[in-house]
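**Q** Quick one: this structure, given as structure tokens, is what I'll be asking you about.
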Amino acid sequence: MRVAGGTVTGDGHTLCLVAGTSVEATVYIHRSTVAIIVSAFTPTPDAMPSLVVRLGSLTLDSSRIRSTRAEASVHRTRMARGEQVLQLRVPEDSAGAVCLNEVAVTQP
């Protein structure tokens with residue numbers, strides 16, 4: 001994944017994003033349905049930071065992260081075949097940090 005902005009690594013398996021930071025990867029969509037699975041948590045639950053999940057031009061989710069333990073969320077959509085950019089972003093105006101434990105793309 002490509003990273004833009006400030007990050008902190010936790011245990012070598014976790015990447016924590018602060019306000020204004022994004023991570024992205026180019027993925028190839030070969031079926032019309034796709035599921036994005038994001039396992040994330042926050043070390044700053046009182047701040048309730050936001051995480052935005054985008055695939056191509058679609059915003060799949062924009063939500064606050066409240067849990068201090070990694071929780072998985074699944075985002076399903078239909079998408080045209082071909083290369084798409086998967087982006088996870090913490091908005092500029094978001095307080096606290098969001099830690100990504102795992103990100104997966106599946107196509108059932």
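We label chains A, B, ... in the order they appear in the structure tokens, count residues from 1 in each chain, and number ligands from 1 in the order shown.
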Can you pull out the residues contacting Val90 (chain A)? Cut-off 7 Å, using only C-alpha atoms, and skip same-chain residues under 6 positions away; I want them as a ChimeraX atom specification.
**A** /A:17-22,50-52
**Q** Of the residues A:Ser57, A:Pro49, A:Thr42, A:Glu92, which is the one nearest to Gly6 (chain A), using only C-alpha atoms?
**A**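 Using only C-alpha atoms, Gly6 (chain A) sits closest to A:Glu92.
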**Q** Pick the closest to Glu24 (chain A) from A:Ala47, A:Pro108, A:Arg2, A:Met79: which is it, counting only C-alpha atoms?
**A** A:Arg2
**Q** Using only C-alpha atoms, which residue out of A:Ala70, A:Met48, A:Leu100, A:Leu58 lies closest to Val23 (chain A)?
**A**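 Using only C-alpha atoms, the shortest distance to Val23 (chain A) belongs to A:Leu100.
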**Q** Would you please give, as a ChimeraX atom specification, all residues of chain A that DSSP assigns to strand (DSSP E or B) based on the backbone?
**A** /A:2-4,7-9,15-18,22-29,33-41,50-55,58-64,71-78,82-89,97-106
**Q** Which one is closest to Val98 (chain A): A:Val34, A:Tyr28, A:Val74, A:Thr14? Count only C-alpha atoms.
**A**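 Among A:Val34, A:Tyr28, A:Val74, A:Thr14, it is A:Thr14 that comes nearest to Val98 (chain A).
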**Q** So that I can check the surroundings of His30 (chain A), please list as a list in words every protein, DNA and RNA residue that reaches within 8 Å of it, counting only C-alpha atoms and ignoring chain neighbours fewer than 6 positions away.
**A** Arg81, Gly82 and Gln107 of chain A
**Q** Which residues are close to Val103 (chain A), i.e. within 7 Å by only C-alpha atoms, leaving aside same-chain residues fewer than 4 positions away? Reply as an MDAnalysis selection string.
**A** chainID A and resid 37:39
**Q** Filtering to N, CA and C atoms, could you give me those residues as a PDB file, in the first residue's frame?
**A**
ATOM      1  N   ILE A  37     -12.890  -5.807   3.319  1.00  0.00           N
ATOM      2  CA  ILE A  37     -12.930  -6.107   4.748  1.00  0.00           C
ATOM      3  C   ILE A  37     -11.829  -5.300   5.419  1.00  0.00           C
ATOM      4  N   VAL A  38     -12.211  -4.488   6.390  1.00  0.00           N
ATOM      5  CA  VAL A  38     -11.259  -3.631   7.091  1.00  0.00           C
ATOM      6  C   VAL A  38     -11.325  -3.962   8.580  1.00  0.00           C
ATOM      7  N   SER A  39     -10.188  -4.325   9.151  1.00  0.00           N
ATOM      8  CA  SER A  39     -10.082  -4.566  10.584  1.00  0.00           C
ATOM      9  C   SER A  39      -9.324  -3.382  11.181  1.00  0.00           C
TER      10      SER A  39
END
**Q** Of the residues A:Pro91, A:Arg54, A:Cys99, A:Thr77, which is the one nearest to Ala35 (chain A), using only C-alpha atoms?
**A**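 Under the stated criterion, the closest residue is A:Thr77.
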